[in-house]
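Participant: Mind looking over this structure? Questions follow.
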Amino acid sequence: MSGIATVYRWELFKLSIQKRTYLGLGAAVLVPIAFVVALALQKGSGPADVPLGRTLRDTGLATPFVVLFFLSIWGLPLITALVAGDIVASETNNGTLKTILTRSLDRGQIFAGKTLATLTYMAAAVLAMGIVGLVAGSVVWGLHPLTSLSGTTVPVGHSLVLLGESLGIYALALAGVAAFGLMLSTVTRNSAASVVGTLMFALLMQLLGVLPGTEAIRPYLLGTQFDAWHGFLRTPADWTPVIRALWVCTLYITAPLVAAYLVFLRRDVAGE
Amino acid sequence: MSNETPVVARGLVKTYGEVVAVDNVDLTVEAGDVFGYLGPNGAGKTTSLRMLLGLIRPTSGSAKLFGRDPLLDGASALDGIAGFVEGPRFYPYMSGRKNLQLLADYDGGNARSRIDEVLDIVELRDRAKHRVGGYSHGMRQRLGIAASLLRNPRMLLLDEPTTGLDPAGMRDMRALVRRLADEGITVLLSSHLLTEVEELCNRVAIIRKGRILYEGSLADLLATASEQYRLRAVEPERARLLCLAHPGVEDVQLEGDEIVFRANEEAVAALSIALGQARVGFTQLAPHSASLEELFLGMTEGDPATISADQEEAA
């Protein structure tokens, strides 16, 4: 375990001094701010066709949920892919894989540490987006009780709990994107191809969900799980999408990670 | 083989599709050796070293380091082993010291406490705070040695450590290797520079197109060639016939107006008397001590049709 912790710490340190990390986290912070500023400047109601959109100007609590919806199409998948697609492939580009694989840690420990660091970065991006959205929205529209998707009024305290739960289940879906990115990063050994490929995968999952004729598989697409948090915002809470997201996302996370792990354990480290 | 033998590789094969990069390589490095692994570029040196370190999987065969196989025992097989293949690589956006700290943590134990010491050994302490991205090639090579010494190794594996260095850098690097070997560290050094191997190594293996042509002591290798003699006679043709007829004189050849042959000292002494008795005057009869370079070129340039076993550049 301590070997994994060592790799994890150093991977976080390396992320903390790389530009792409701040590009990703910066986008996660700037999008909700820009969103709030744009809406504050125009009159009228919020975006009507979006969950909680109508109530956007009633309370800052609605802001992070609405931003979550918009960012799920490609914003947060891209932010996630930026690091997930790079974290193994960059070792190839720098030629450092052979450097770290000839020390005293096993390949499995290196891979586990990288995976944990990627998930930490991804969770930090989601959390930053949520907090900044909440604060920016509250500054402009105040912190008032939230109107749930069922039309009931949810007090501020409970709304914050719902926001936390929603960010959590959302991060789980995003971890599916991260896992796919890690797999591409390991298999392709090419950072740019992995980032683009991961984004394509996320977009494809969204696209399949809106094409006609996909109704049967729709509940099991990764893109659908980005909306699982809607279940928390009903009164009473609808656990069906939440529970489905828990096991569907687990599959989307596990399968690529296992594949990547096996490839990483056995691969030839030559010319890199 | 005892568990204390630093390297025992048997029947190592690595193929890439149709290309055989390493073909049935046996290598044995004994404790205390400075072992020279010689071959032209693309002969399979780096590929075999990668297999020793467990970086690539052999198609067949096995490699054991102090009795442990990197493929079976993972990173623990590298206990006591340090080095680099195809030039050391570091994170360019981190300082030299940060890179060493990371690697020390990956080594565990008390490696971190040795950082200043190893930086002093390679004379990089005053540049350690700068980003590796700004280092010269020579500085990176030295940082590579420092990173290896962090592991307090019993064996150092160095892949062409002087390649790309200027003459002073090469001299310093060789002096450093010499010093480390004198301190008791076993060294496996790959090189295509013969002077380097002649200067540093006691044992050598010569590889060409993935096959080992010679493995043994450097002295024995040079001795095989020292039995060659050159004779310059007034009447070359008669001298040549006498040589051909003389017992113990072999491989007689006429090179220009010199006769080249192989014989031991006894046979040469007898030959000189025979030449005198036959009244064939000669102006020179001398042993020809071939350099390692001649031996090496003789071995490695036998077949002009060079195949591309050049996997380390291609991969």
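Quick note on naming: the chains in the structure tokens go A, B, ... in the order shown, residues restart at 1 in each chain, and ligands are numbered from 1 in order of appearance.
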Please give the complete set of residues from region 163-249 of chain B that DSSP, run on the backbone, assigns to alpha helix (DSSP H), formatted as a PyMOL selection string.

Facilitator: chain B and resi 167-182+194-200+218-226+236-245

Participant: When you look at Glu123 (chain B) with a cut-off of 10 Å (counting only C-alpha atoms), what residues show up, excluding the ones that are within fewer than 3 positions of it in the same chain? I need them as a list of chain:residue names.

Facilitator: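 Answer for this query is B:Glu117, B:Val118, B:Leu119, B:Asp120, B:Asp126, B:Arg127, B:Ala128, B:Met139, B:Arg142, B:Leu143, B:Ala146.
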
Participant: For the residues in the current selection, export C-alpha atoms as a PDB file, in the first residue's frame.

Facilitator:
ATOM      1  CA  GLU B 117      26.189  12.434  -1.662  1.00  0.00           C
ATOM      2  CA  VAL B 118      25.382  11.156  -5.161  1.00  0.00           C
ATOM      3  CA  LEU B 119      25.051  14.694  -6.526  1.00  0.00           C
ATOM      4  CA  ASP B 120      28.568  15.343  -5.226  1.00  0.00           C
ATOM      5  CA  ASP B 126      25.255  23.307  -7.811  1.00  0.00           C
ATOM      6  CA  ARG B 127      22.948  22.636 -10.795  1.00  0.00           C
ATOM      7  CA  ALA B 128      20.534  20.355  -8.966  1.00  0.00           C
ATOM      8  CA  MET B 139      24.582  16.612 -17.349  1.00  0.00           C
ATOM      9  CA  ARG B 142      25.677  12.316 -14.989  1.00  0.00           C
ATOM     10  CA  LEU B 143      22.267  12.695 -13.380  1.00  0.00           C
ATOM     11  CA  ALA B 146      23.527   9.781  -9.715  1.00  0.00           C
TER      12      ALA B 146
END

Participant: Output the contact residues of chain B with respect to chain A at a cut-off of 9 Å, based on only C-alpha atoms, as a PyMOL selection string.

Facilitator: chain B and resi 47+50+53-57+74-79+81-86+88-94+102-108+151+311-315

Participant: Contacts of Leu242 (chain B) at 9 Å or less, counting only C-alpha atoms, minus same-chain residues fewer than 2 places along, as a list in words?

Facilitator: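 Near neighbours after the sequence-gap exclusion: Glu237, Arg238, Ala239, Arg240, Leu244, Ala245, His246, Leu271, Ala274, Leu275 and Ala278 of chain B.
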
Participant: Extract, using only C-alpha atoms, all DNA, RNA and protein residues at most 12 Å from Ala175 (chain B), discarding same-chain residues fewer than 3 positions from it, and format them as a ChimeraX atom specification.

Facilitator: /B:121-122,161-162,168-172,178-182,196,199-200

Participant: Go ahead and save the picked residues with C-alpha atoms, as an mmCIF file, in the first residue's frame.

Facilitator:
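Okay, this is what ended up in result_24.cif:
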data_model
loop_
_atom_site.group_PDB
_atom_site.id
_atom_site.type_symbol
_atom_site.label_atom_id
_atom_site.label_comp_id
_atom_site.auth_asym_id
_atom_site.auth_seq_id
_atom_site.Cartn_x
_atom_site.Cartn_y
_atom_site.Cartn_z
ATOM 1 C CA ILE B 121 29.901 12.184 -6.848
ATOM 2 C CA VAL B 122 28.717 13.323 -10.293
ATOM 3 C CA PRO B 161 27.214 5.990 -20.967
ATOM 4 C CA THR B 162 29.714 8.065 -22.928
ATOM 5 C CA ALA B 168 36.485 15.696 -21.623
ATOM 6 C CA GLY B 169 33.067 14.380 -20.664
ATOM 7 C CA MET B 170 33.987 10.929 -21.933
ATOM 8 C CA ARG B 171 37.208 10.963 -19.958
ATOM 9 C CA ASP B 172 35.377 12.020 -16.787
ATOM 10 C CA ARG B 178 36.614 3.093 -13.131
ATOM 11 C CA ARG B 179 36.304 4.544 -9.637
ATOM 12 C CA LEU B 180 32.946 2.877 -8.987
ATOM 13 C CA ALA B 181 34.337 -0.453 -10.203
ATOM 14 C CA ASP B 182 37.326 -0.025 -7.897
ATOM 15 C CA GLU B 196 36.485 2.418 -23.880
ATOM 16 C CA GLU B 199 40.423 0.713 -21.077
ATOM 17 C CA LEU B 200 37.755 -0.332 -18.581
#

Participant: So that I can check the surroundings of Leu149 (chain A), please list as a PyMOL selection string every protein, DNA and RNA residue that reaches within 9 Å of it, counting only C-alpha atoms and ignoring chain neighbours fewer than 5 positions away.

Facilitator: chain A and resi 51-52+230-231+233-235

Participant: Between A:Leu167, A:Pro241, A:Phe180, A:Val36, single out the one closest to Val258 (chain A), counting only C-alpha atoms.

Facilitator: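 Selected residue with least distance to Val258 (chain A): A:Phe180.
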
Participant: List as a VMD selection string the protein and nucleic acid residues near Gln228 (chain B), meaning an atom at most 9 Å away when only C-alpha atoms are counted, but skip any in the same chain fewer than 6 places from it.

Facilitator: chain B and resid 260 to 264 286 to 290

Participant: Could the residues in this selection be written to a file with C-alpha atoms, as a compact mmCIF listing (two decimals), in the first residue's frame?

Facilitator:
# COMPACT_ATOMS: atom_id res chain seq x y z
CA VAL B 260 51.16 -13.17 -42.67
CA PHE B 261 50.74 -16.41 -40.76
CA ARG B 262 49.71 -17.83 -37.42
CA ALA B 263 52.11 -19.82 -35.27
CA ASN B 264 53.31 -20.12 -31.70
CA ALA B 286 57.63 -9.85 -35.92
CA PRO B 287 54.52 -10.71 -33.91
CA HIS B 288 51.54 -8.69 -34.96
CA SER B 289 49.45 -7.75 -31.98
CA ALA B 290 46.00 -7.04 -33.25

Participant: Using the chain letters and numbers from this document, which residues of region 51-154 of chain A does DSSP assign to strand (DSSP E or B), as a PyMOL selection string?

Facilitator: chain A and resi 146-147+153-154

Participant: Would you mind reading off the distance between CA of Asn93 (chain A) and CA of Ala192 (chain A), one decimal, in Å?

Facilitator: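 Separating CA of Asn93 (chain A) from CA of Ala192 (chain A) is a distance of 10.8 Å.
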
Participant: For region 25-42 of chain B, list every protein, DNA or RNA residue within 7 Å, evaluated using only C-alpha atoms, and leave out those in the same chain fewer than 5 positions away; present the list as number ranges by chain.

Facilitator: B: 5-13, 181, 184-192, 197, 200-208, 211-212, 309-312

Participant: Those same residues - C-alpha atoms - I'd like them written as an mmCIF file, in the first residue's frame.

Facilitator:
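And here's again19.cif as it stands now:
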data_model
loop_
_atom_site.group_PDB
_atom_site.id
_atom_site.type_symbol
_atom_site.label_atom_id
_atom_site.label_comp_id
_atom_site.auth_asym_id
_atom_site.auth_seq_id
_atom_site.Cartn_x
_atom_site.Cartn_y
_atom_site.Cartn_z
ATOM 1 C CA THR B 5 26.070 -14.159 -9.776
ATOM 2 C CA PRO B 6 24.957 -10.693 -10.864
ATOM 3 C CA VAL B 7 23.747 -11.669 -14.331
ATOM 4 C CA VAL B 8 22.881 -15.073 -15.724
ATOM 5 C CA ALA B 9 21.014 -14.822 -19.016
ATOM 6 C CA ARG B 10 20.284 -18.007 -20.912
ATOM 7 C CA GLY B 11 18.872 -18.375 -24.397
ATOM 8 C CA LEU B 12 17.398 -14.896 -24.599
ATOM 9 C CA VAL B 13 15.405 -14.411 -27.782
ATOM 10 C CA ALA B 181 34.337 -0.453 -10.203
ATOM 11 C CA GLY B 184 33.592 -3.054 -5.734
ATOM 12 C CA ILE B 185 30.536 -2.379 -7.875
ATOM 13 C CA THR B 186 30.070 -4.861 -10.703
ATOM 14 C CA VAL B 187 29.580 -2.998 -13.977
ATOM 15 C CA LEU B 188 27.863 -4.148 -17.143
ATOM 16 C CA LEU B 189 28.725 -1.581 -19.754
ATOM 17 C CA SER B 190 27.482 -1.628 -23.302
ATOM 18 C CA SER B 191 29.494 0.233 -25.835
ATOM 19 C CA HIS B 192 30.425 0.444 -29.465
ATOM 20 C CA VAL B 197 36.086 -1.311 -23.434
ATOM 21 C CA LEU B 200 37.755 -0.332 -18.581
ATOM 22 C CA CYS B 201 36.730 -3.941 -18.976
ATOM 23 C CA ASN B 202 38.152 -7.269 -17.894
ATOM 24 C CA ARG B 203 35.548 -9.390 -19.643
ATOM 25 C CA VAL B 204 33.654 -8.824 -22.856
ATOM 26 C CA ALA B 205 30.886 -10.191 -24.978
ATOM 27 C CA ILE B 206 30.655 -9.281 -28.630
ATOM 28 C CA ILE B 207 27.238 -9.250 -30.228
ATOM 29 C CA ARG B 208 26.365 -8.920 -33.866
ATOM 30 C CA ARG B 211 24.041 -13.235 -31.743
ATOM 31 C CA ILE B 212 26.917 -13.474 -29.307
ATOM 32 C CA ALA B 309 18.021 -6.019 -36.596
ATOM 33 C CA ASP B 310 17.892 -2.404 -35.624
ATOM 34 C CA GLN B 311 14.945 -2.651 -33.275
ATOM 35 C CA GLU B 312 16.038 -0.148 -30.706
#

Participant: Report the distance between CA of Ile259 (chain B) and CA of Leu231 (chain B) in Å, rounded to one decimal place.

Facilitator: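 Going from CA of Ile259 (chain B) over to CA of Leu231 (chain B) covers 5.0 Å.
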